[in-house]
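*Asks:* File follows, work-v6.cif with mmCIF, C-alpha atoms and all ligand atoms:
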data_structure
loop_
_atom_site.group_PDB
_atom_site.id
_atom_site.type_symbol
_atom_site.label_atom_id
_atom_site.label_comp_id
_atom_site.auth_asym_id
_atom_site.auth_seq_id
_atom_site.Cartn_x
_atom_site.Cartn_y
_atom_site.Cartn_z
ATOM 1 C CA MET P 868 15.196 -7.973 2.415
ATOM 2 C CA ASN P 869 14.841 -4.969 0.126
ATOM 3 C CA LYS P 870 12.423 -2.131 0.680
ATOM 4 C CA LYS P 871 9.516 -2.063 -1.819
ATOM 5 C CA TRP P 872 8.321 0.714 -4.117
ATOM 6 C CA LEU P 873 4.952 1.782 -5.448
ATOM 7 C CA ILE P 874 5.136 4.518 -8.063
ATOM 8 C CA GLY P 875 2.115 6.177 -9.663
ATOM 9 C CA ASN P 876 2.523 7.514 -13.198
ATOM 10 C CA TRP P 877 -0.218 10.096 -13.674
ATOM 11 C CA LYS P 878 0.751 10.552 -17.352
ATOM 12 C CA MET P 879 -0.753 13.671 -18.996
ATOM 13 C CA HIS P 880 -3.781 13.754 -16.704
ATOM 14 C CA GLY P 881 -4.909 16.166 -14.024
ATOM 15 C CA ASN P 882 -5.415 19.807 -13.224
ATOM 16 C CA LEU P 883 -5.016 21.855 -10.057
ATOM 17 C CA ALA P 884 -8.389 20.822 -8.651
ATOM 18 C CA SER P 885 -8.327 17.135 -9.584
ATOM 19 C CA ASN P 886 -4.702 16.708 -8.418
ATOM 20 C CA LYS P 887 -5.625 18.168 -5.033
ATOM 21 C CA ALA P 888 -8.642 15.879 -4.741
ATOM 22 C CA LEU P 889 -6.584 12.830 -5.771
ATOM 23 C CA ILE P 890 -3.736 13.438 -3.346
ATOM 24 C CA GLU P 891 -6.144 14.218 -0.511
ATOM 25 C CA GLY P 892 -7.923 10.960 -1.308
ATOM 26 C CA ILE P 893 -4.623 9.069 -1.327
ATOM 27 C CA ARG P 894 -3.592 10.599 2.013
ATOM 28 C CA ALA P 895 -6.954 9.791 3.572
ATOM 29 C CA GLU P 896 -6.881 6.173 2.339
ATOM 30 C CA LEU P 897 -3.232 5.746 3.334
ATOM 31 C CA GLY P 898 -3.316 7.053 6.875
ATOM 32 C CA GLN P 899 0.134 6.436 8.318
ATOM 33 C CA PRO P 900 2.600 5.233 5.626
ATOM 34 C CA ASP P 901 4.640 2.129 6.385
ATOM 35 C CA GLU P 902 8.362 2.607 5.807
ATOM 36 C CA ARG P 903 8.681 -0.836 4.192
ATOM 37 C CA VAL P 904 6.954 0.484 1.051
ATOM 38 C CA ALA P 905 7.880 3.856 -0.459
ATOM 39 C CA LEU P 906 4.970 5.616 -2.132
ATOM 40 C CA VAL P 907 5.731 7.969 -5.028
ATOM 41 C CA VAL P 908 3.454 9.971 -7.337
ATOM 42 C CA CYS P 909 4.607 11.359 -10.682
ATOM 43 C CA PRO P 910 2.328 14.167 -11.915
ATOM 44 C CA ALA P 911 2.768 16.059 -15.176
ATOM 45 C CA PHE P 912 5.596 18.645 -14.999
ATOM 46 C CA PRO P 913 3.544 21.819 -14.386
ATOM 47 C CA TYR P 914 2.090 20.299 -11.214
ATOM 48 C CA LEU P 915 5.336 19.175 -9.617
ATOM 49 C CA PHE P 916 5.472 22.127 -7.245
ATOM 50 C CA GLN P 917 1.791 21.747 -6.354
ATOM 51 C CA LEU P 918 2.303 18.087 -5.491
ATOM 52 C CA ALA P 919 5.504 18.788 -3.569
ATOM 53 C CA GLU P 920 3.487 21.216 -1.410
ATOM 54 C CA LEU P 921 0.503 18.897 -1.027
ATOM 55 C CA THR P 922 2.653 15.945 0.062
ATOM 56 C CA ARG P 923 4.904 17.849 2.455
ATOM 57 C CA ASP P 924 5.492 15.781 5.642
ATOM 58 C CA SER P 925 3.097 13.089 4.410
ATOM 59 C CA GLY P 926 5.654 10.369 3.701
ATOM 60 C CA ILE P 927 4.583 10.429 0.030
ATOM 61 C CA GLU P 928 7.349 11.351 -2.405
ATOM 62 C CA VAL P 929 7.091 13.077 -5.757
ATOM 63 C CA GLY P 930 8.694 12.468 -9.128
ATOM 64 C CA VAL P 931 8.295 13.381 -12.780
ATOM 65 C CA GLN P 932 7.793 11.340 -15.918
ATOM 66 C CA ASN P 933 10.775 12.547 -17.931
ATOM 67 C CA VAL P 934 13.803 14.870 -17.748
ATOM 68 C CA SER P 935 16.377 16.318 -20.101
ATOM 69 C CA ASP P 936 19.686 14.542 -20.538
ATOM 70 C CA HIS P 937 21.340 17.925 -19.867
ATOM 71 C CA LEU P 938 21.577 19.822 -16.605
ATOM 72 C CA GLN P 939 21.412 23.297 -18.145
ATOM 73 C CA GLY P 940 21.719 25.117 -21.444
ATOM 74 C CA ALA P 941 20.101 26.050 -24.735
ATOM 75 C CA TYR P 942 17.614 23.172 -24.895
ATOM 76 C CA THR P 943 14.307 24.832 -25.654
ATOM 77 C CA GLY P 944 11.318 23.109 -24.140
ATOM 78 C CA GLU P 945 13.354 20.734 -21.987
ATOM 79 C CA THR P 946 13.317 20.400 -18.185
ATOM 80 C CA SER P 947 16.545 19.928 -16.269
ATOM 81 C CA PRO P 948 16.656 17.300 -13.531
ATOM 82 C CA LEU P 949 18.198 20.038 -11.368
ATOM 83 C CA MET P 950 14.953 22.022 -11.754
ATOM 84 C CA VAL P 951 12.952 18.979 -10.747
ATOM 85 C CA LYS P 952 15.127 18.582 -7.676
ATOM 86 C CA GLU P 953 14.778 22.248 -6.744
ATOM 87 C CA LEU P 954 10.976 22.069 -6.981
ATOM 88 C CA GLY P 955 10.759 19.090 -4.631
ATOM 89 C CA GLY P 956 10.998 16.093 -6.962
ATOM 90 C CA SER P 957 13.089 13.088 -5.944
ATOM 91 C CA PHE P 958 12.422 10.656 -8.792
ATOM 92 C CA THR P 959 12.080 10.599 -12.541
ATOM 93 C CA ILE P 960 10.759 7.938 -14.837
ATOM 94 C CA ILE P 961 13.217 7.388 -17.706
ATOM 95 C CA GLY P 962 12.614 5.719 -21.067
ATOM 96 C CA HIS P 963 8.905 5.069 -20.625
ATOM 97 C CA SER P 964 7.568 3.176 -23.629
ATOM 98 C CA GLU P 965 5.158 6.011 -24.479
ATOM 99 C CA ARG P 966 8.175 8.284 -24.886
ATOM 100 C CA ARG P 967 9.902 5.679 -27.042
ATOM 101 C CA GLN P 968 6.735 5.284 -29.110
ATOM 102 C CA TYR P 969 5.611 8.909 -29.506
ATOM 103 C CA GLN P 970 8.796 10.925 -28.938
ATOM 104 C CA GLY P 971 11.235 8.591 -30.637
ATOM 105 C CA GLU P 972 13.443 8.118 -27.562
ATOM 106 C CA ASN P 973 16.098 5.448 -27.889
ATOM 107 C CA ASP P 974 18.284 3.360 -25.608
ATOM 108 C CA GLY P 975 21.246 5.754 -25.670
ATOM 109 C CA LEU P 976 19.105 8.756 -24.739
ATOM 110 C CA MET P 977 17.640 6.723 -21.882
ATOM 111 C CA GLY P 978 21.143 6.095 -20.539
ATOM 112 C CA ARG P 979 22.123 9.760 -20.810
ATOM 113 C CA LYS P 980 18.923 10.872 -19.096
ATOM 114 C CA ALA P 981 19.440 8.377 -16.287
ATOM 115 C CA LEU P 982 22.965 9.711 -15.743
ATOM 116 C CA ALA P 983 21.796 13.360 -15.751
ATOM 117 C CA ALA P 984 19.086 12.452 -13.236
ATOM 118 C CA ILE P 985 21.623 10.812 -10.944
ATOM 119 C CA ASP P 986 23.990 13.779 -11.295
ATOM 120 C CA ALA P 987 21.147 16.057 -10.173
ATOM 121 C CA GLY P 988 20.384 13.880 -7.144
ATOM 122 C CA LEU P 989 17.227 12.239 -8.492
ATOM 123 C CA ILE P 990 16.454 8.527 -8.450
ATOM 124 C CA PRO P 991 15.865 7.337 -12.035
ATOM 125 C CA VAL P 992 13.176 4.744 -12.614
ATOM 126 C CA ILE P 993 14.580 3.157 -15.756
ATOM 127 C CA CYS P 994 11.961 1.444 -17.911
ATOM 128 C CA VAL P 995 12.743 -1.515 -20.125
ATOM 129 C CA GLY P 996 10.374 -3.801 -21.958
ATOM 130 C CA GLU P 997 9.649 -5.587 -25.198
ATOM 131 C CA THR P 998 6.858 -5.055 -27.727
ATOM 132 C CA ALA P 999 4.305 -7.782 -28.495
ATOM 133 C CA GLU P 1000 6.038 -8.461 -31.787
ATOM 134 C CA GLU P 1001 9.429 -8.837 -30.081
ATOM 135 C CA ARG P 1002 7.945 -11.271 -27.554
ATOM 136 C CA ASP P 1003 6.113 -13.259 -30.217
ATOM 137 C CA SER P 1004 9.294 -13.632 -32.234
ATOM 138 C CA GLY P 1005 11.230 -14.886 -29.205
ATOM 139 C CA ARG P 1006 13.416 -11.785 -28.881
ATOM 140 C CA THR P 1007 12.379 -10.620 -25.399
ATOM 141 C CA HIS P 1008 15.712 -11.351 -23.729
ATOM 142 C CA GLU P 1009 17.697 -9.901 -26.594
ATOM 143 C CA VAL P 1010 15.707 -6.644 -26.326
ATOM 144 C CA LEU P 1011 15.879 -6.449 -22.522
ATOM 145 C CA ALA P 1012 19.622 -7.118 -22.594
ATOM 146 C CA ARG P 1013 20.153 -4.419 -25.240
ATOM 147 C CA GLN P 1014 18.161 -1.830 -23.281
ATOM 148 C CA LEU P 1015 19.838 -2.680 -20.009
ATOM 149 C CA ASP P 1016 23.351 -2.692 -21.452
ATOM 150 C CA ALA P 1017 22.678 0.669 -23.124
ATOM 151 C CA ALA P 1018 21.634 2.210 -19.808
ATOM 152 C CA PHE P 1019 24.669 0.755 -18.034
ATOM 153 C CA GLY P 1020 26.854 2.159 -20.774
ATOM 154 C CA TYR P 1021 26.251 5.487 -18.999
ATOM 155 C CA ILE P 1022 25.374 4.731 -15.405
ATOM 156 C CA ARG P 1023 27.453 2.610 -13.058
ATOM 157 C CA THR P 1024 26.567 0.060 -10.426
ATOM 158 C CA ALA P 1025 28.366 2.421 -8.021
ATOM 159 C CA HIS P 1026 25.268 4.607 -8.416
ATOM 160 C CA ASP P 1027 23.306 2.864 -5.735
ATOM 161 C CA LYS P 1028 20.037 4.793 -6.059
ATOM 162 C CA ILE P 1029 18.480 3.356 -9.177
ATOM 163 C CA ILE P 1030 15.164 1.606 -9.761
ATOM 164 C CA LEU P 1031 14.595 -0.652 -12.744
ATOM 165 C CA ALA P 1032 11.054 -1.089 -14.090
ATOM 166 C CA TYR P 1033 10.114 -4.000 -16.307
ATOM 167 C CA GLU P 1034 7.272 -2.668 -18.428
ATOM 168 C CA PRO P 1035 6.343 -4.870 -21.379
ATOM 169 C CA ARG P 1036 4.888 -2.487 -23.952
ATOM 170 C CA TRP P 1037 2.030 -4.832 -24.758
ATOM 171 C CA ALA P 1038 0.830 -4.650 -21.151
ATOM 172 C CA ILE P 1039 0.866 -0.867 -20.729
ATOM 173 C CA GLY P 1040 -2.561 0.693 -20.808
ATOM 174 C CA THR P 1041 -4.080 -2.419 -22.408
ATOM 175 C CA GLY P 1042 -5.725 -3.923 -19.332
ATOM 176 C CA ILE P 1043 -3.760 -7.130 -20.002
ATOM 177 C CA ALA P 1044 -0.993 -7.519 -17.443
ATOM 178 C CA ALA P 1045 1.854 -9.962 -17.851
ATOM 179 C CA THR P 1046 1.243 -13.164 -15.921
ATOM 180 C CA PRO P 1047 3.087 -13.452 -12.589
ATOM 181 C CA GLU P 1048 5.221 -16.196 -14.178
ATOM 182 C CA ILE P 1049 6.284 -13.937 -17.061
ATOM 183 C CA VAL P 1050 7.025 -11.116 -14.636
ATOM 184 C CA GLN P 1051 9.163 -13.396 -12.472
ATOM 185 C CA THR P 1052 11.019 -14.854 -15.471
ATOM 186 C CA GLU P 1053 11.896 -11.423 -16.871
ATOM 187 C CA HIS P 1054 12.831 -9.890 -13.512
ATOM 188 C CA GLU P 1055 15.096 -12.851 -12.840
ATOM 189 C CA PHE P 1056 16.654 -12.440 -16.274
ATOM 190 C CA LEU P 1057 17.270 -8.719 -15.653
ATOM 191 C CA ARG P 1058 18.776 -9.368 -12.227
ATOM 192 C CA GLN P 1059 21.077 -12.060 -13.594
ATOM 193 C CA ARG P 1060 22.162 -9.809 -16.453
ATOM 194 C CA ILE P 1061 23.112 -7.073 -13.994
ATOM 195 C CA ALA P 1062 24.821 -9.581 -11.706
ATOM 196 C CA ILE P 1063 27.371 -10.129 -14.486
ATOM 197 C CA ARG P 1064 28.497 -6.544 -13.756
ATOM 198 C CA ASP P 1065 28.030 -6.488 -10.000
ATOM 199 C CA LYS P 1066 26.507 -9.265 -7.903
ATOM 200 C CA ASP P 1067 25.873 -7.208 -4.757
ATOM 201 C CA PHE P 1068 24.305 -4.367 -6.709
ATOM 202 C CA ALA P 1069 22.051 -6.828 -8.574
ATOM 203 C CA ALA P 1070 20.864 -8.409 -5.349
ATOM 204 C CA LYS P 1071 19.880 -5.021 -3.938
ATOM 205 C CA LEU P 1072 18.536 -3.367 -7.105
ATOM 206 C CA PRO P 1073 14.776 -2.769 -6.862
ATOM 207 C CA ILE P 1074 13.081 -4.223 -9.946
ATOM 208 C CA ILE P 1075 9.446 -3.188 -10.175
ATOM 209 C CA TYR P 1076 6.768 -4.269 -12.626
ATOM 210 C CA GLY P 1077 4.464 -2.018 -14.652
ATOM 211 C CA GLY P 1078 1.700 -2.833 -17.091
ATOM 212 C CA SER P 1079 -2.015 -2.962 -16.219
ATOM 213 C CA VAL P 1080 -1.488 -3.652 -12.515
ATOM 214 C CA LYS P 1081 -4.828 -3.420 -10.745
ATOM 215 C CA VAL P 1082 -6.395 -4.601 -7.522
ATOM 216 C CA SER P 1083 -7.363 -7.962 -9.039
ATOM 217 C CA ASN P 1084 -3.836 -8.958 -10.126
ATOM 218 C CA ALA P 1085 -1.597 -7.077 -7.675
ATOM 219 C CA THR P 1086 -1.319 -9.846 -5.057
ATOM 220 C CA SER P 1087 -0.241 -12.550 -7.486
ATOM 221 C CA ILE P 1088 2.322 -10.297 -9.194
ATOM 222 C CA PHE P 1089 3.748 -8.929 -5.924
ATOM 223 C CA SER P 1090 4.101 -12.431 -4.484
ATOM 224 C CA MET P 1091 6.835 -13.226 -7.019
ATOM 225 C CA PRO P 1092 10.293 -13.310 -5.401
ATOM 226 C CA ASP P 1093 12.041 -10.914 -7.799
ATOM 227 C CA VAL P 1094 9.302 -8.268 -7.759
ATOM 228 C CA ASP P 1095 10.139 -5.259 -5.605
ATOM 229 C CA GLY P 1096 7.058 -3.204 -6.333
ATOM 230 C CA GLY P 1097 4.963 -1.668 -9.072
ATOM 231 C CA LEU P 1098 4.798 1.211 -11.543
ATOM 232 C CA ILE P 1099 1.115 1.962 -11.821
ATOM 233 C CA GLY P 1100 -0.609 3.977 -14.555
ATOM 234 C CA SER P 1101 -4.395 4.102 -14.767
ATOM 235 C CA ALA P 1102 -5.019 2.547 -11.338
ATOM 236 C CA ALA P 1103 -2.896 5.325 -9.785
ATOM 237 C CA LEU P 1104 -5.591 7.848 -10.732
ATOM 238 C CA ASN P 1105 -8.050 6.346 -8.287
ATOM 239 C CA ALA P 1106 -7.091 6.896 -4.638
ATOM 240 C CA ARG P 1107 -8.862 3.825 -3.265
ATOM 241 C CA GLU P 1108 -7.510 1.528 -5.963
ATOM 242 C CA PHE P 1109 -3.966 2.894 -5.655
ATOM 243 C CA ILE P 1110 -3.884 2.472 -1.891
ATOM 244 C CA THR P 1111 -5.481 -0.978 -2.072
ATOM 245 C CA ILE P 1112 -2.609 -1.948 -4.396
ATOM 246 C CA TYR P 1113 -0.202 -0.367 -1.877
ATOM 247 C CA ARG P 1114 -1.679 -2.558 0.869
ATOM 248 C CA GLU P 1115 -1.337 -5.669 -1.304
ATOM 249 C CA LEU P 1116 2.337 -4.814 -1.757
ATOM 250 C CA LEU P 1117 2.735 -4.206 1.971
ATOM 251 C CA ASN P 1118 1.110 -7.561 2.736
ATOM 252 C CA SER P 1119 3.646 -9.290 0.489
ATOM 253 C CA THR P 1120 6.557 -7.584 2.277
ATOM 254 C CA PRO P 1121 8.235 -9.288 5.235
ATOM 255 C CA ALA P 1122 8.245 -7.421 8.542
ATOM 256 C CA GLU P 1123 12.028 -6.910 8.475
ATOM 257 C CA ALA P 1124 12.167 -5.056 5.110
ATOM 258 C CA ALA P 1125 13.106 -1.367 5.230
HETATM 259 C C1 LIG P 1201 2.581 3.007 -17.072
HETATM 260 O O1 LIG P 1201 2.189 3.984 -17.704
HETATM 261 O O2 LIG P 1201 3.760 2.963 -16.693
HETATM 262 C C2 LIG P 1201 1.661 1.925 -16.785
HETATM 263 C C3 LIG P 1201 2.116 0.855 -16.202
HETATM 264 O O3 LIG P 1201 0.354 2.124 -17.173
HETATM 265 P P1 LIG P 1201 -0.896 1.143 -16.860
HETATM 266 O O4 LIG P 1201 -0.805 0.729 -15.411
HETATM 267 O O5 LIG P 1201 -2.096 1.964 -17.141
HETATM 268 O O6 LIG P 1201 -0.754 -0.029 -17.766
#
Is it possible to express this structure as C-alpha cells?

*Replies:*
Amino acid sequence: MNKKWLIGNWKMHGNLASNKALIEGIRAELGQPDERVALVVCPAFPYLFQLAELTRDSGIEVGVQNVSDHLQGAYTGETSPLMVKELGGSFTIIGHSERRQYQGENDGLMGRKALAAIDAGLIPVICVGETAEERDSGRTHEVLARQLDAAFGYIRTAHDKIILAYEPRWAIGTGIAATPEIVQTEHEFLRQRIAIRDKDFAAKLPIIYGGSVKVSNATSIFSMPDVDGGLIGSAALNAREFITIYRELLNSTPAEAA
C-alpha cells in the first residue's frame, strides 16, 4: 500500500506574520504527524526560507509552486530548483493550471521543469487536467494523455520520486469539486496510461487530486482506490480545515501504508 500525500498550495497569499500564524496553527492542530501521510506546504517563493525554519523537525515538509526549467544561468526573474533545494524546499508544483492560464505555460515546458526539478533533487508534483470545455466536448482523456505523454517525453519512470496531480481546471478555486466517481475514473485512466510505459512504476506512482477539496467532500474523494492524496488550495489556508482534511486522508489509509 502506497504512502499518501497532502500538499497545501498557498498560492500568492501570506506575509511573514500570517505565515507564522498559519504554520503554528497547523502544528498545533496536527500534534504528532503520522508517517503514513506526508504533509507538505508550498508558500510563495520569498517565504520558502521562513517556512523551512518554522517547520524544522516538525515532520512537515516544504515546497514551492513553480521553478525554472534551468538549473543556472542568465534567466532574469527565474528561480532555480537548486536554489529551492538549498533553502530547504523538497517539492515543487509543476504545470499548475493557473500558470498555464496566466503565464502561458505549455506541456513541453512542464516536462522540462519536471526534469530540472528532479535533477536538483526535488520531487515534482506534476499537474494535469482538462478545462470545462474540453470535458464537455468529450476530450478529457485526449487532453490528459497529451499532457502526460509530454511530461514523460522528458522524465523517465526510472525517476521514482514523482507525484502526479489530477487537477481539472474547472474545479480549481470554483468550490465545485469533481465527483468521487470522476476522480476515480480519471486517476485510473492516468495510471493505466503510465502502465503502458512501466507497470511497476504506475502501481507505485502517487496520484493525488486537487480542485475544491474541503472538509465536506474529502472523505468521499479519498475513499476512491486510485486516490493517493490531495493538492489543496483555499482550504490549506485554514489550519483547522487543512488538518481535518489530513485526518480524513489518514482515516482512509490502511495501517500498513508507509
Ligand atoms: C490548487 O490551487 O491547486 C487548488 C486545488 O485550489 P483549490 O483547492 O482552491 O481549488

*Asks:* Around ligand LIG 1201 (chain P), fit a box with edges along x, y and z, padding it by 6 Å on each side, then list its centre and edge lengths in Å to one decimal as AutoDock Vina command-line options.

*Replies:*
--center_x 0.8 --center_y 2.0 --center_z -16.6 --size_x 17.9 --size_y 16.0 --size_z 14.4

*Asks:* Running the PyMOL selection byres (((not hetatm)) within 7 of (chain P and resi 1201)) on this model by hand, what would come out? Give it as a list of chain:residue names.

*Replies:* P:Asn876, P:Lys878, P:His963, P:Glu1034, P:Ala1038, P:Ile1039, P:Gly1040, P:Thr1041, P:Gly1042, P:Gly1077, P:Gly1078, P:Ser1079, P:Val1080, P:Leu1098, P:Ile1099, P:Gly1100, P:Ser1101, P:Ala1102

*Asks:* Just checking: using only C-alpha atoms, which residue out of P:Leu938, P:Glu965, P:Gly1005, P:Tyr1021 ends up closest to Arg979 in chain P?

*Replies:* P:Tyr1021

*Asks:* I want to know what sits within 12 Å of Glu896 in chain P, based on only C-alpha atoms, with residues of the same chain fewer than 5 positions away left out; could you give that as a PyMOL selection string?

*Replies:* chain P and resi 889-891+1105-1114

*Asks:* Once the PyMOL selection byres (((chain P and resi 898-905) around 10) and not hetatm) has been evaluated on this model, what residues remain selected, and can you format them as a ChimeraX atom specification?

*Replies:* /P:868-874,893-897,906-907,925-928,1095-1096,1110,1113-1114,1116-1117,1120-1125

*Asks:* Just so the selection is clear, what residues does the PyMOL selection byres (((chain P and resi 933) around 7) and not hetatm) cover here, as a list in words?

*Replies:*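 For this structure, the PyMOL selection byres (((chain P and resi 933) around 7) and not hetatm) captures Val931, Gln932, Val934, Thr959, Ile960 and Ile961 of chain P.
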
*Asks:* Could you write range 1047-1057 of chain P as a CSV table (one decimal), keeping the file's coordinate frame, with all heavy atoms rebuilt where they are missing?

*Replies:*
chain,number,residue,atom,x,y,z
P,1047,PRO,N,2.0,-13.5,-13.6
P,1047,PRO,CA,3.1,-13.5,-12.6
P,1047,PRO,C,4.3,-14.3,-13.0
P,1047,PRO,O,5.4,-13.9,-12.7
P,1047,PRO,CB,2.4,-14.1,-11.4
P,1047,PRO,CG,0.9,-13.8,-11.6
P,1047,PRO,CD,0.7,-13.9,-13.1
P,1048,GLU,N,4.1,-15.3,-13.8
P,1048,GLU,CA,5.2,-16.2,-14.2
P,1048,GLU,C,6.1,-15.4,-15.2
P,1048,GLU,O,7.3,-15.5,-15.1
P,1048,GLU,CB,4.7,-17.5,-14.8
P,1048,GLU,CG,4.0,-18.4,-13.9
P,1048,GLU,CD,2.6,-18.0,-13.4
P,1048,GLU,OE1,2.0,-17.2,-14.1
P,1048,GLU,OE2,2.2,-18.3,-12.3
P,1049,ILE,N,5.5,-14.7,-16.1
P,1049,ILE,CA,6.3,-13.9,-17.1
P,1049,ILE,C,7.1,-12.9,-16.3
P,1049,ILE,O,8.2,-12.6,-16.5
P,1049,ILE,CB,5.4,-13.3,-18.2
P,1049,ILE,CG1,4.9,-14.4,-19.1
P,1049,ILE,CG2,6.1,-12.2,-18.9
P,1049,ILE,CD1,3.9,-13.9,-20.2
P,1050,VAL,N,6.4,-12.2,-15.4
P,1050,VAL,CA,7.0,-11.1,-14.6
P,1050,VAL,C,8.2,-11.7,-13.9
P,1050,VAL,O,9.4,-11.1,-14.0
P,1050,VAL,CB,6.0,-10.4,-13.6
P,1050,VAL,CG1,6.8,-9.4,-12.8
P,1050,VAL,CG2,4.9,-9.8,-14.4
P,1051,GLN,N,8.0,-12.8,-13.2
P,1051,GLN,CA,9.2,-13.4,-12.5
P,1051,GLN,C,10.3,-13.8,-13.4
P,1051,GLN,O,11.5,-13.5,-13.1
P,1051,GLN,CB,8.7,-14.6,-11.7
P,1051,GLN,CG,9.8,-15.4,-11.0
P,1051,GLN,CD,10.7,-14.6,-10.0
P,1051,GLN,OE1,10.3,-13.6,-9.5
P,1051,GLN,NE2,11.9,-15.0,-9.9
P,1052,THR,N,10.0,-14.4,-14.5
P,1052,THR,CA,11.0,-14.9,-15.5
P,1052,THR,C,11.8,-13.7,-15.9
P,1052,THR,O,13.1,-13.7,-16.0
P,1052,THR,CB,10.4,-15.5,-16.7
P,1052,THR,OG1,9.6,-16.6,-16.2
P,1052,THR,CG2,11.4,-16.0,-17.7
P,1053,GLU,N,11.2,-12.6,-16.3
P,1053,GLU,CA,11.9,-11.4,-16.9
P,1053,GLU,C,12.7,-10.7,-15.8
P,1053,GLU,O,13.8,-10.2,-16.0
P,1053,GLU,CB,10.9,-10.5,-17.7
P,1053,GLU,CG,10.1,-11.2,-18.7
P,1053,GLU,CD,10.9,-12.2,-19.6
P,1053,GLU,OE1,12.1,-12.2,-19.6
P,1053,GLU,OE2,10.2,-13.0,-20.3
P,1054,HIS,N,12.1,-10.6,-14.6
P,1054,HIS,CA,12.8,-9.9,-13.5
P,1054,HIS,C,14.1,-10.7,-13.2
P,1054,HIS,O,15.1,-10.1,-12.9
P,1054,HIS,CB,11.9,-9.7,-12.3
P,1054,HIS,CG,10.9,-8.6,-12.4
P,1054,HIS,ND1,10.6,-7.8,-11.3
P,1054,HIS,CD2,10.2,-8.2,-13.5
P,1054,HIS,CE1,9.7,-6.9,-11.8
P,1054,HIS,NE2,9.5,-7.1,-13.0
P,1055,GLU,N,13.9,-12.0,-13.1
P,1055,GLU,CA,15.1,-12.9,-12.8
P,1055,GLU,C,16.2,-12.7,-13.9
P,1055,GLU,O,17.4,-12.6,-13.6
P,1055,GLU,CB,14.6,-14.3,-12.8
P,1055,GLU,CG,15.5,-15.2,-11.9
P,1055,GLU,CD,14.9,-16.6,-11.9
P,1055,GLU,OE1,13.7,-16.8,-11.8
P,1055,GLU,OE2,15.7,-17.5,-11.9
P,1056,PHE,N,15.7,-12.6,-15.2
P,1056,PHE,CA,16.7,-12.4,-16.3
P,1056,PHE,C,17.4,-11.1,-16.1
P,1056,PHE,O,18.6,-11.0,-16.2
P,1056,PHE,CB,15.9,-12.5,-17.6
P,1056,PHE,CG,16.8,-12.1,-18.8
P,1056,PHE,CD1,17.7,-13.0,-19.3
P,1056,PHE,CD2,16.7,-10.8,-19.3
P,1056,PHE,CE1,18.6,-12.6,-20.3
P,1056,PHE,CE2,17.6,-10.4,-20.3
P,1056,PHE,CZ,18.5,-11.3,-20.9
P,1057,LEU,N,16.6,-10.0,-15.8
P,1057,LEU,CA,17.3,-8.7,-15.7
P,1057,LEU,C,18.3,-8.7,-14.5
P,1057,LEU,O,19.4,-8.2,-14.6
P,1057,LEU,CB,16.2,-7.7,-15.4
P,1057,LEU,CG,15.3,-7.3,-16.6
P,1057,LEU,CD1,14.1,-6.6,-16.2
P,1057,LEU,CD2,16.1,-6.6,-17.7
